[in-house]
>>> print(open('structure-v6.pdb').read())   # PDB, C-alpha atoms and all ligand atoms
ATOM      1  CA  MET A  21       4.491  -6.374 -21.438  1.00  0.00           C
ATOM      2  CA  THR A  22       5.071  -2.799 -20.385  1.00  0.00           C
ATOM      3  CA  LYS A  23       8.082  -1.231 -21.933  1.00  0.00           C
ATOM      4  CA  LYS A  24       8.564   2.463 -22.471  1.00  0.00           C
ATOM      5  CA  LEU A  25      11.619   3.678 -24.240  1.00  0.00           C
ATOM      6  CA  ARG A  26      12.589   7.164 -23.182  1.00  0.00           C
ATOM      7  CA  LEU A  27      16.236   6.940 -23.847  1.00  0.00           C
ATOM      8  CA  HIS A  28      19.339   9.017 -24.249  1.00  0.00           C
ATOM      9  CA  THR A  29      22.076   8.110 -26.744  1.00  0.00           C
ATOM     10  CA  ARG A  30      23.969   6.047 -24.183  1.00  0.00           C
ATOM     11  CA  ASP A  31      20.807   4.223 -23.143  1.00  0.00           C
ATOM     12  CA  ILE A  32      19.750   3.574 -26.739  1.00  0.00           C
ATOM     13  CA  GLU A  33      23.161   2.025 -27.378  1.00  0.00           C
ATOM     14  CA  GLN A  34      22.764  -0.187 -24.314  1.00  0.00           C
ATOM     15  CA  GLN A  35      19.218  -1.120 -25.265  1.00  0.00           C
ATOM     16  CA  LEU A  36      20.293  -2.194 -28.746  1.00  0.00           C
ATOM     17  CA  ARG A  37      23.107  -4.326 -27.322  1.00  0.00           C
ATOM     18  CA  LEU A  38      20.682  -5.812 -24.797  1.00  0.00           C
ATOM     19  CA  VAL A  39      18.431  -7.109 -27.593  1.00  0.00           C
ATOM     20  CA  GLY A  40      21.432  -8.395 -29.548  1.00  0.00           C
ATOM     21  CA  LEU A  41      21.698  -5.619 -32.135  1.00  0.00           C
ATOM     22  CA  ARG A  42      25.030  -3.957 -32.777  1.00  0.00           C
ATOM     23  CA  PRO A  43      24.567  -0.175 -32.364  1.00  0.00           C
ATOM     24  CA  THR A  44      25.664   0.814 -35.855  1.00  0.00           C
ATOM     25  CA  ARG A  45      25.461   4.482 -36.808  1.00  0.00           C
ATOM     26  CA  GLN A  46      22.422   3.826 -38.969  1.00  0.00           C
ATOM     27  CA  ARG A  47      20.593   1.936 -36.230  1.00  0.00           C
ATOM     28  CA  MET A  48      21.480   4.657 -33.727  1.00  0.00           C
ATOM     29  CA  THR A  49      20.216   7.392 -36.058  1.00  0.00           C
ATOM     30  CA  LEU A  50      16.902   5.599 -36.567  1.00  0.00           C
ATOM     31  CA  ALA A  51      16.560   4.652 -32.891  1.00  0.00           C
ATOM     32  CA  LYS A  52      17.078   8.293 -31.838  1.00  0.00           C
ATOM     33  CA  LEU A  53      14.299   9.396 -34.204  1.00  0.00           C
ATOM     34  CA  LEU A  54      11.981   6.637 -32.974  1.00  0.00           C
ATOM     35  CA  PHE A  55      12.626   6.684 -29.240  1.00  0.00           C
ATOM     36  CA  ASP A  56      12.655  10.423 -28.586  1.00  0.00           C
ATOM     37  CA  GLY A  57      10.198  10.158 -25.726  1.00  0.00           C
ATOM     38  CA  VAL A  58       7.007  10.586 -27.735  1.00  0.00           C
ATOM     39  CA  ASP A  59       5.095   7.507 -28.853  1.00  0.00           C
ATOM     40  CA  LYS A  60       4.685   7.443 -32.609  1.00  0.00           C
ATOM     41  CA  HIS A  61       3.518   5.376 -35.547  1.00  0.00           C
ATOM     42  CA  VAL A  62       5.844   5.445 -38.529  1.00  0.00           C
ATOM     43  CA  THR A  63       6.045   3.792 -41.901  1.00  0.00           C
ATOM     44  CA  ALA A  64       9.366   2.930 -43.509  1.00  0.00           C
ATOM     45  CA  GLU A  65       8.731   5.814 -45.916  1.00  0.00           C
ATOM     46  CA  SER A  66       7.882   8.393 -43.253  1.00  0.00           C
ATOM     47  CA  LEU A  67      10.924   7.469 -41.153  1.00  0.00           C
ATOM     48  CA  HIS A  68      13.106   7.506 -44.259  1.00  0.00           C
ATOM     49  CA  ALA A  69      11.871  11.027 -45.024  1.00  0.00           C
ATOM     50  CA  GLN A  70      12.912  12.096 -41.512  1.00  0.00           C
ATOM     51  CA  THR A  71      16.495  10.972 -42.148  1.00  0.00           C
ATOM     52  CA  ARG A  72      16.925  13.238 -45.172  1.00  0.00           C
ATOM     53  CA  GLY A  73      18.524  16.053 -43.183  1.00  0.00           C
ATOM     54  CA  HIS A  74      21.152  13.774 -41.680  1.00  0.00           C
ATOM     55  CA  LYS A  75      24.763  13.765 -42.792  1.00  0.00           C
ATOM     56  CA  GLN A  76      24.819  10.039 -43.359  1.00  0.00           C
ATOM     57  CA  SER A  77      22.223   8.968 -45.883  1.00  0.00           C
ATOM     58  CA  ILE A  78      20.256   5.828 -45.087  1.00  0.00           C
ATOM     59  CA  SER A  79      18.546   3.888 -47.866  1.00  0.00           C
ATOM     60  CA  LEU A  80      14.865   3.055 -47.692  1.00  0.00           C
ATOM     61  CA  ALA A  81      15.803  -0.654 -47.714  1.00  0.00           C
ATOM     62  CA  THR A  82      17.984  -0.152 -44.625  1.00  0.00           C
ATOM     63  CA  VAL A  83      15.192   1.748 -42.861  1.00  0.00           C
ATOM     64  CA  TYR A  84      12.806  -1.073 -43.716  1.00  0.00           C
ATOM     65  CA  ASN A  85      15.203  -3.795 -42.518  1.00  0.00           C
ATOM     66  CA  THR A  86      16.005  -1.908 -39.325  1.00  0.00           C
ATOM     67  CA  LEU A  87      12.319  -1.424 -38.498  1.00  0.00           C
ATOM     68  CA  HIS A  88      11.829  -5.174 -38.842  1.00  0.00           C
ATOM     69  CA  GLN A  89      14.902  -5.900 -36.700  1.00  0.00           C
ATOM     70  CA  PHE A  90      13.608  -3.554 -33.995  1.00  0.00           C
ATOM     71  CA  THR A  91      10.205  -5.243 -34.211  1.00  0.00           C
ATOM     72  CA  ASP A  92      11.701  -8.739 -33.927  1.00  0.00           C
ATOM     73  CA  ALA A  93      13.655  -7.515 -30.897  1.00  0.00           C
ATOM     74  CA  GLY A  94      10.467  -6.268 -29.219  1.00  0.00           C
ATOM     75  CA  LEU A  95      11.336  -2.570 -29.442  1.00  0.00           C
ATOM     76  CA  LEU A  96       8.502  -1.851 -31.889  1.00  0.00           C
ATOM     77  CA  ARG A  97       5.124  -3.315 -32.642  1.00  0.00           C
ATOM     78  CA  GLN A  98       3.898  -3.728 -36.186  1.00  0.00           C
ATOM     79  CA  VAL A  99       0.398  -2.513 -37.019  1.00  0.00           C
ATOM     80  CA  VAL A 100      -0.795  -3.746 -40.395  1.00  0.00           C
ATOM     81  CA  VAL A 101      -3.738  -1.679 -41.566  1.00  0.00           C
ATOM     82  CA  ASP A 102      -3.738  -3.023 -45.103  1.00  0.00           C
ATOM     83  CA  VAL A 103      -1.249  -4.031 -47.759  1.00  0.00           C
ATOM     84  CA  ASN A 104      -0.298  -0.368 -48.291  1.00  0.00           C
ATOM     85  CA  GLY A 105      -0.395   0.606 -44.641  1.00  0.00           C
ATOM     86  CA  ILE A 106       2.233  -1.106 -42.525  1.00  0.00           C
ATOM     87  CA  TYR A 107       3.047   0.977 -39.473  1.00  0.00           C
ATOM     88  CA  PHE A 108       5.594   0.541 -36.723  1.00  0.00           C
ATOM     89  CA  ASP A 109       4.502   1.590 -33.273  1.00  0.00           C
ATOM     90  CA  THR A 110       6.896   2.699 -30.534  1.00  0.00           C
ATOM     91  CA  ASN A 111       4.177   1.928 -27.999  1.00  0.00           C
ATOM     92  CA  VAL A 112       4.638  -1.809 -27.531  1.00  0.00           C
ATOM     93  CA  THR A 113       2.022  -2.113 -24.790  1.00  0.00           C
ATOM     94  CA  THR A 114      -1.336  -3.693 -25.638  1.00  0.00           C
ATOM     95  CA  HIS A 115      -3.646  -1.104 -27.206  1.00  0.00           C
ATOM     96  CA  HIS A 116      -5.904  -0.534 -30.180  1.00  0.00           C
ATOM     97  CA  HIS A 117      -6.082   2.108 -32.920  1.00  0.00           C
ATOM     98  CA  PHE A 118      -8.222   4.549 -34.784  1.00  0.00           C
ATOM     99  CA  TYR A 119      -7.155   4.736 -38.412  1.00  0.00           C
ATOM    100  CA  ASP A 120      -7.843   7.926 -40.318  1.00  0.00           C
ATOM    101  CA  THR A 121      -8.333   6.538 -43.813  1.00  0.00           C
ATOM    102  CA  LYS A 122      -7.998   9.972 -45.440  1.00  0.00           C
ATOM    103  CA  ARG A 123      -4.716  11.003 -43.838  1.00  0.00           C
ATOM    104  CA  GLY A 124      -3.319   7.511 -43.240  1.00  0.00           C
ATOM    105  CA  HIS A 125      -2.853   8.315 -39.582  1.00  0.00           C
ATOM    106  CA  LEU A 126      -3.090   6.071 -36.494  1.00  0.00           C
ATOM    107  CA  THR A 127      -4.213   7.207 -33.044  1.00  0.00           C
ATOM    108  CA  ASP A 128      -3.917   5.016 -29.959  1.00  0.00           C
ATOM    109  CA  ILE A 129      -6.974   3.692 -28.160  1.00  0.00           C
ATOM    110  CA  PRO A 130      -6.350   2.457 -24.610  1.00  0.00           C
ATOM    111  CA  VAL A 131      -6.979  -1.276 -24.273  1.00  0.00           C
ATOM    112  CA  THR A 132      -9.575  -0.587 -21.557  1.00  0.00           C
ATOM    113  CA  ALA A 133     -11.680   1.533 -23.963  1.00  0.00           C
ATOM    114  CA  VAL A 134     -12.555  -1.513 -26.086  1.00  0.00           C
ATOM    115  CA  LYS A 135     -14.633  -4.316 -24.647  1.00  0.00           C
ATOM    116  CA  LEU A 136     -14.505  -7.587 -26.546  1.00  0.00           C
ATOM    117  CA  GLN A 137     -17.626  -9.519 -25.573  1.00  0.00           C
ATOM    118  CA  ARG A 138     -16.979 -12.814 -27.255  1.00  0.00           C
ATOM    119  CA  LEU A 139     -14.260 -14.365 -29.367  1.00  0.00           C
ATOM    120  CA  PRO A 140     -14.400 -17.672 -31.199  1.00  0.00           C
ATOM    121  CA  PRO A 141     -11.954 -20.294 -29.975  1.00  0.00           C
ATOM    122  CA  ALA A 142      -8.700 -20.345 -31.918  1.00  0.00           C
ATOM    123  CA  PRO A 143      -8.459 -23.025 -34.611  1.00  0.00           C
ATOM    124  CA  LYS A 144      -7.230 -26.371 -33.321  1.00  0.00           C
ATOM    125  CA  GLY A 145      -3.532 -26.356 -32.555  1.00  0.00           C
ATOM    126  CA  HIS A 146      -3.402 -22.571 -32.300  1.00  0.00           C
ATOM    127  CA  GLU A 147      -3.749 -20.052 -29.542  1.00  0.00           C
ATOM    128  CA  VAL A 148      -4.715 -16.402 -29.743  1.00  0.00           C
ATOM    129  CA  GLU A 149      -1.556 -14.309 -29.631  1.00  0.00           C
ATOM    130  CA  ARG A 150      -3.285 -10.953 -29.517  1.00  0.00           C
ATOM    131  CA  VAL A 151      -6.343  -9.123 -30.825  1.00  0.00           C
ATOM    132  CA  ASP A 152      -5.770  -5.886 -32.719  1.00  0.00           C
ATOM    133  CA  VAL A 153      -8.783  -3.639 -33.132  1.00  0.00           C
ATOM    134  CA  ILE A 154      -8.469  -1.024 -35.877  1.00  0.00           C
ATOM    135  CA  ILE A 155     -11.417   1.357 -36.100  1.00  0.00           C
ATOM    136  CA  ARG A 156     -11.371   3.046 -39.494  1.00  0.00           C
ATOM    137  CA  THR A 157     -12.592   6.625 -39.652  1.00  0.00           C
ATOM    138  CA  LYS A 158     -13.232   8.893 -42.624  1.00  0.00           C
TER     139      LYS A 158
HETATM  140 ZN    ZN A 201      -0.282   2.680 -31.305  1.00  0.00          ZN
END
>>> encode(input="structure-v6.pdb", output="structure tokens")
Amino acid sequence: MTKKLRLHTRDIEQQLRLVGLRPTRQRMTLAKLLFDGVDKHVTAESLHAQTRGHKQSISLATVYNTLHQFTDAGLLRQVVVDVNGIYFDTNVTTHHHFYDTKRGHLTDIPVTAVKLQRLPPAPKGHEVERVDVIIRTK
């Protein structure tokens, strides 16, 4: 799946409708911050902090719910580093990550830069959905 979102307000509104989400003001505000043309990894907290300057305040719970709605709709990809590190990635193409454990920061690794030599077969009745490689750095 290759999907890049480099959208203007009108396009963001259309994109939200396309995936079945009503373009509410809160969703539009968050979508504009997320899909500004630069791929980014955000947490609910970091995105919430970015909304502070806006006229309309958005609760952390709403930011959290919206990030999950966008993820379910395929607009974002979730990267779970650990229980305290749940990131949302605007780059929804297949890729891997470096994780800076000191700064809590993710950097993309192109999928071609990682070579997986051998994987065990998936448990019976399951199939591999995807493989996420997170290389932790300090
Ligand atoms: Zn990424």
>>> atom_distance(input="structure-v6.pdb", atom1="atom CA of Lys52 of chain A", atom2="atom CA of Tyr107 of chain A")
17.6 Å
>>> residues_around(input="structure-v6.pdb", residues="Val153 of chain A", least_positions_apart="3", cutoff="10 Å", atoms="all atoms listed in the file", output="VMD selection string")
chain A and resid 115 to 118 129 131 134 136 150 156
>>> closest_residue(input="structure-v6.pdb", among="A:Leu87, A:Leu80, A:His28, A:Thr44", to="Gly57 of chain A", atoms="only C-alpha atoms")
A:His28
>>> residues_near_ligand(input="structure-v6.pdb", ligand="ligand ZN 201 (chain A)", cutoff="8 Å", atoms="all atoms listed in the file", output="ChimeraX atom specification")
/A:59-61,99,109-112,115-117,126-129
>>> residues_around(input="structure-v6.pdb", residues="Tyr119 of chain A", least_positions_apart="2", cutoff="9 Å", atoms="only C-alpha atoms", output="list of chain:residue names")
A:Val101, A:His117, A:Thr121, A:Lys122, A:Arg123, A:Gly124, A:His125, A:Leu126, A:Thr127, A:Ile154, A:Ile155, A:Arg156, A:Thr157, A:Lys158
>>> atom_distance(input="structure-v6.pdb", atom1="atom CA of Gly94 of chain A", atom2="atom CA of Ala133 of chain A")
24.1 Å
>>> axis_aligned_box(input="structure-v6.pdb", around="segment 79-91 of chain A", padding_each_side="3 Å", output="JSON")
{"center_x": 14.4, "center_y": -1.0, "center_z": -40.9, "size_x": 14.3, "size_y": 15.8, "size_z": 19.9}
>>> atom_distance(input="structure-v6.pdb", atom1="atom CA of Thr113 of chain A", atom2="atom CA of Leu54 of chain A")
15.6 Å
>>> residues_around(input="structure-v6.pdb", residues="Phe90 of chain A", least_positions_apart="5", cutoff="10 Å", atoms="all atoms listed in the file", output="PyMOL selection string")
chain A and resi 36+39+41+47+51+85+95-98+108+110
>>> closest_residue(input="structure-v6.pdb", among="A:Pro130, A:Thr49, A:Lys135, A:Val58", to="Ile78 of chain A", atoms="all atoms listed in the file")
A:Thr49
>>> resolve_selection(input="structure-v6.pdb", expression="the PyMOL selection byres (((chain A and resi 66-68) around 9) and not hetatm)", output="ChimeraX atom specification")
/A:50,53-54,62-65,69-72,78-80,83-84
>>> closest_residue(input="structure-v6.pdb", among="A:Glu147, A:Arg45, A:Ile32, A:Gln89", to="Lys75 of chain A", atoms="all atoms listed in the file")
A:Arg45
>>> closest_residue(input="structure-v6.pdb", among="A:Ser77, A:Val100, A:Asp152, A:Pro143", to="Gln46 of chain A", atoms="all atoms listed in the file")
A:Ser77
>>> closest_residue(input="structure-v6.pdb", among="A:Thr82, A:Gly73, A:Gln34, A:Thr29", to="Asp56 of chain A", atoms="all atoms listed in the file")
A:Thr29
>>> build_atoms(input="structure-v6.pdb", residues="segment 56-79 of chain A", atoms="N, CA, C and O atoms", output="PDB file, keeping the file's coordinate frame")
ATOM      1  N   ASP A  56      12.333   9.078 -29.071  1.00  0.00           N
ATOM      2  CA  ASP A  56      12.655  10.423 -28.586  1.00  0.00           C
ATOM      3  C   ASP A  56      11.760  10.819 -27.412  1.00  0.00           C
ATOM      4  O   ASP A  56      11.725  11.974 -27.013  1.00  0.00           O
ATOM      5  N   GLY A  57      11.024   9.864 -26.892  1.00  0.00           N
ATOM      6  CA  GLY A  57      10.198  10.158 -25.726  1.00  0.00           C
ATOM      7  C   GLY A  57       8.732  10.359 -26.049  1.00  0.00           C
ATOM      8  O   GLY A  57       7.913  10.477 -25.154  1.00  0.00           O
ATOM      9  N   VAL A  58       8.405  10.420 -27.336  1.00  0.00           N
ATOM     10  CA  VAL A  58       7.007  10.586 -27.735  1.00  0.00           C
ATOM     11  C   VAL A  58       6.605   9.352 -28.552  1.00  0.00           C
ATOM     12  O   VAL A  58       7.263   9.031 -29.541  1.00  0.00           O
ATOM     13  N   ASP A  59       5.545   8.675 -28.106  1.00  0.00           N
ATOM     14  CA  ASP A  59       5.095   7.507 -28.853  1.00  0.00           C
ATOM     15  C   ASP A  59       4.672   7.922 -30.254  1.00  0.00           C
ATOM     16  O   ASP A  59       4.049   8.965 -30.444  1.00  0.00           O
ATOM     17  N   LYS A  60       5.024   7.099 -31.226  1.00  0.00           N
ATOM     18  CA  LYS A  60       4.685   7.443 -32.609  1.00  0.00           C
ATOM     19  C   LYS A  60       4.450   6.196 -33.448  1.00  0.00           C
ATOM     20  O   LYS A  60       4.884   5.105 -33.092  1.00  0.00           O
ATOM     21  N   HIS A  61       3.751   6.418 -34.555  1.00  0.00           N
ATOM     22  CA  HIS A  61       3.518   5.376 -35.547  1.00  0.00           C
ATOM     23  C   HIS A  61       4.213   5.839 -36.812  1.00  0.00           C
ATOM     24  O   HIS A  61       3.912   6.921 -37.302  1.00  0.00           O
ATOM     25  N   VAL A  62       5.142   5.046 -37.309  1.00  0.00           N
ATOM     26  CA  VAL A  62       5.844   5.445 -38.529  1.00  0.00           C
ATOM     27  C   VAL A  62       5.710   4.358 -39.581  1.00  0.00           C
ATOM     28  O   VAL A  62       5.471   3.194 -39.262  1.00  0.00           O
ATOM     29  N   THR A  63       5.865   4.757 -40.823  1.00  0.00           N
ATOM     30  CA  THR A  63       6.045   3.792 -41.901  1.00  0.00           C
ATOM     31  C   THR A  63       7.514   3.872 -42.303  1.00  0.00           C
ATOM     32  O   THR A  63       8.211   4.830 -41.928  1.00  0.00           O
ATOM     33  N   ALA A  64       7.976   2.886 -43.046  1.00  0.00           N
ATOM     34  CA  ALA A  64       9.366   2.930 -43.509  1.00  0.00           C
ATOM     35  C   ALA A  64       9.596   4.221 -44.296  1.00  0.00           C
ATOM     36  O   ALA A  64      10.623   4.888 -44.134  1.00  0.00           O
ATOM     37  N   GLU A  65       8.597   4.618 -45.086  1.00  0.00           N
ATOM     38  CA  GLU A  65       8.731   5.814 -45.916  1.00  0.00           C
ATOM     39  C   GLU A  65       8.782   7.090 -45.074  1.00  0.00           C
ATOM     40  O   GLU A  65       9.587   7.978 -45.341  1.00  0.00           O
ATOM     41  N   SER A  66       7.908   7.166 -44.057  1.00  0.00           N
ATOM     42  CA  SER A  66       7.882   8.393 -43.253  1.00  0.00           C
ATOM     43  C   SER A  66       9.159   8.530 -42.432  1.00  0.00           C
ATOM     44  O   SER A  66       9.698   9.628 -42.268  1.00  0.00           O
ATOM     45  N   LEU A  67       9.673   7.406 -41.921  1.00  0.00           N
ATOM     46  CA  LEU A  67      10.924   7.469 -41.153  1.00  0.00           C
ATOM     47  C   LEU A  67      12.089   7.796 -42.082  1.00  0.00           C
ATOM     48  O   LEU A  67      12.973   8.582 -41.737  1.00  0.00           O
ATOM     49  N   HIS A  68      12.064   7.229 -43.273  1.00  0.00           N
ATOM     50  CA  HIS A  68      13.106   7.506 -44.259  1.00  0.00           C
ATOM     51  C   HIS A  68      13.137   9.006 -44.581  1.00  0.00           C
ATOM     52  O   HIS A  68      14.201   9.614 -44.648  1.00  0.00           O
ATOM     53  N   ALA A  69      11.953   9.593 -44.728  1.00  0.00           N
ATOM     54  CA  ALA A  69      11.871  11.027 -45.024  1.00  0.00           C
ATOM     55  C   ALA A  69      12.494  11.854 -43.896  1.00  0.00           C
ATOM     56  O   ALA A  69      13.108  12.890 -44.141  1.00  0.00           O
ATOM     57  N   GLN A  70      12.350  11.373 -42.661  1.00  0.00           N
ATOM     58  CA  GLN A  70      12.912  12.096 -41.512  1.00  0.00           C
ATOM     59  C   GLN A  70      14.439  12.066 -41.491  1.00  0.00           C
ATOM     60  O   GLN A  70      15.059  12.892 -40.826  1.00  0.00           O
ATOM     61  N   THR A  71      15.029  11.095 -42.173  1.00  0.00           N
ATOM     62  CA  THR A  71      16.495  10.972 -42.148  1.00  0.00           C
ATOM     63  C   THR A  71      17.161  11.862 -43.200  1.00  0.00           C
ATOM     64  O   THR A  71      18.381  11.963 -43.230  1.00  0.00           O
ATOM     65  N   ARG A  72      16.357  12.475 -44.043  1.00  0.00           N
ATOM     66  CA  ARG A  72      16.925  13.238 -45.172  1.00  0.00           C
ATOM     67  C   ARG A  72      17.915  14.312 -44.743  1.00  0.00           C
ATOM     68  O   ARG A  72      18.902  14.540 -45.409  1.00  0.00           O
ATOM     69  N   GLY A  73      17.647  14.973 -43.628  1.00  0.00           N
ATOM     70  CA  GLY A  73      18.524  16.053 -43.183  1.00  0.00           C
ATOM     71  C   GLY A  73      19.838  15.585 -42.577  1.00  0.00           C
ATOM     72  O   GLY A  73      20.720  16.387 -42.320  1.00  0.00           O
ATOM     73  N   HIS A  74      19.959  14.283 -42.354  1.00  0.00           N
ATOM     74  CA  HIS A  74      21.152  13.774 -41.680  1.00  0.00           C
ATOM     75  C   HIS A  74      22.343  13.685 -42.625  1.00  0.00           C
ATOM     76  O   HIS A  74      22.185  13.487 -43.819  1.00  0.00           O
ATOM     77  N   LYS A  75      23.528  13.808 -42.015  1.00  0.00           N
ATOM     78  CA  LYS A  75      24.763  13.765 -42.792  1.00  0.00           C
ATOM     79  C   LYS A  75      24.901  12.440 -43.537  1.00  0.00           C
ATOM     80  O   LYS A  75      25.211  12.385 -44.715  1.00  0.00           O
ATOM     81  N   GLN A  76      24.651  11.368 -42.789  1.00  0.00           N
ATOM     82  CA  GLN A  76      24.819  10.039 -43.359  1.00  0.00           C
ATOM     83  C   GLN A  76      23.497   9.600 -43.974  1.00  0.00           C
ATOM     84  O   GLN A  76      22.486   9.518 -43.279  1.00  0.00           O
ATOM     85  N   SER A  77      23.492   9.362 -45.271  1.00  0.00           N
ATOM     86  CA  SER A  77      22.223   8.968 -45.883  1.00  0.00           C
ATOM     87  C   SER A  77      21.935   7.497 -45.594  1.00  0.00           C
ATOM     88  O   SER A  77      22.836   6.660 -45.515  1.00  0.00           O
ATOM     89  N   ILE A  78      20.675   7.189 -45.395  1.00  0.00           N
ATOM     90  CA  ILE A  78      20.256   5.828 -45.087  1.00  0.00           C
ATOM     91  C   ILE A  78      19.238   5.436 -46.156  1.00  0.00           C
ATOM     92  O   ILE A  78      18.274   6.166 -46.396  1.00  0.00           O
ATOM     93  N   SER A  79      19.459   4.310 -46.791  1.00  0.00           N
ATOM     94  CA  SER A  79      18.546   3.888 -47.866  1.00  0.00           C
ATOM     95  C   SER A  79      17.215   3.436 -47.286  1.00  0.00           C
ATOM     96  O   SER A  79      17.134   3.024 -46.124  1.00  0.00           O
TER      97      SER A  79
END
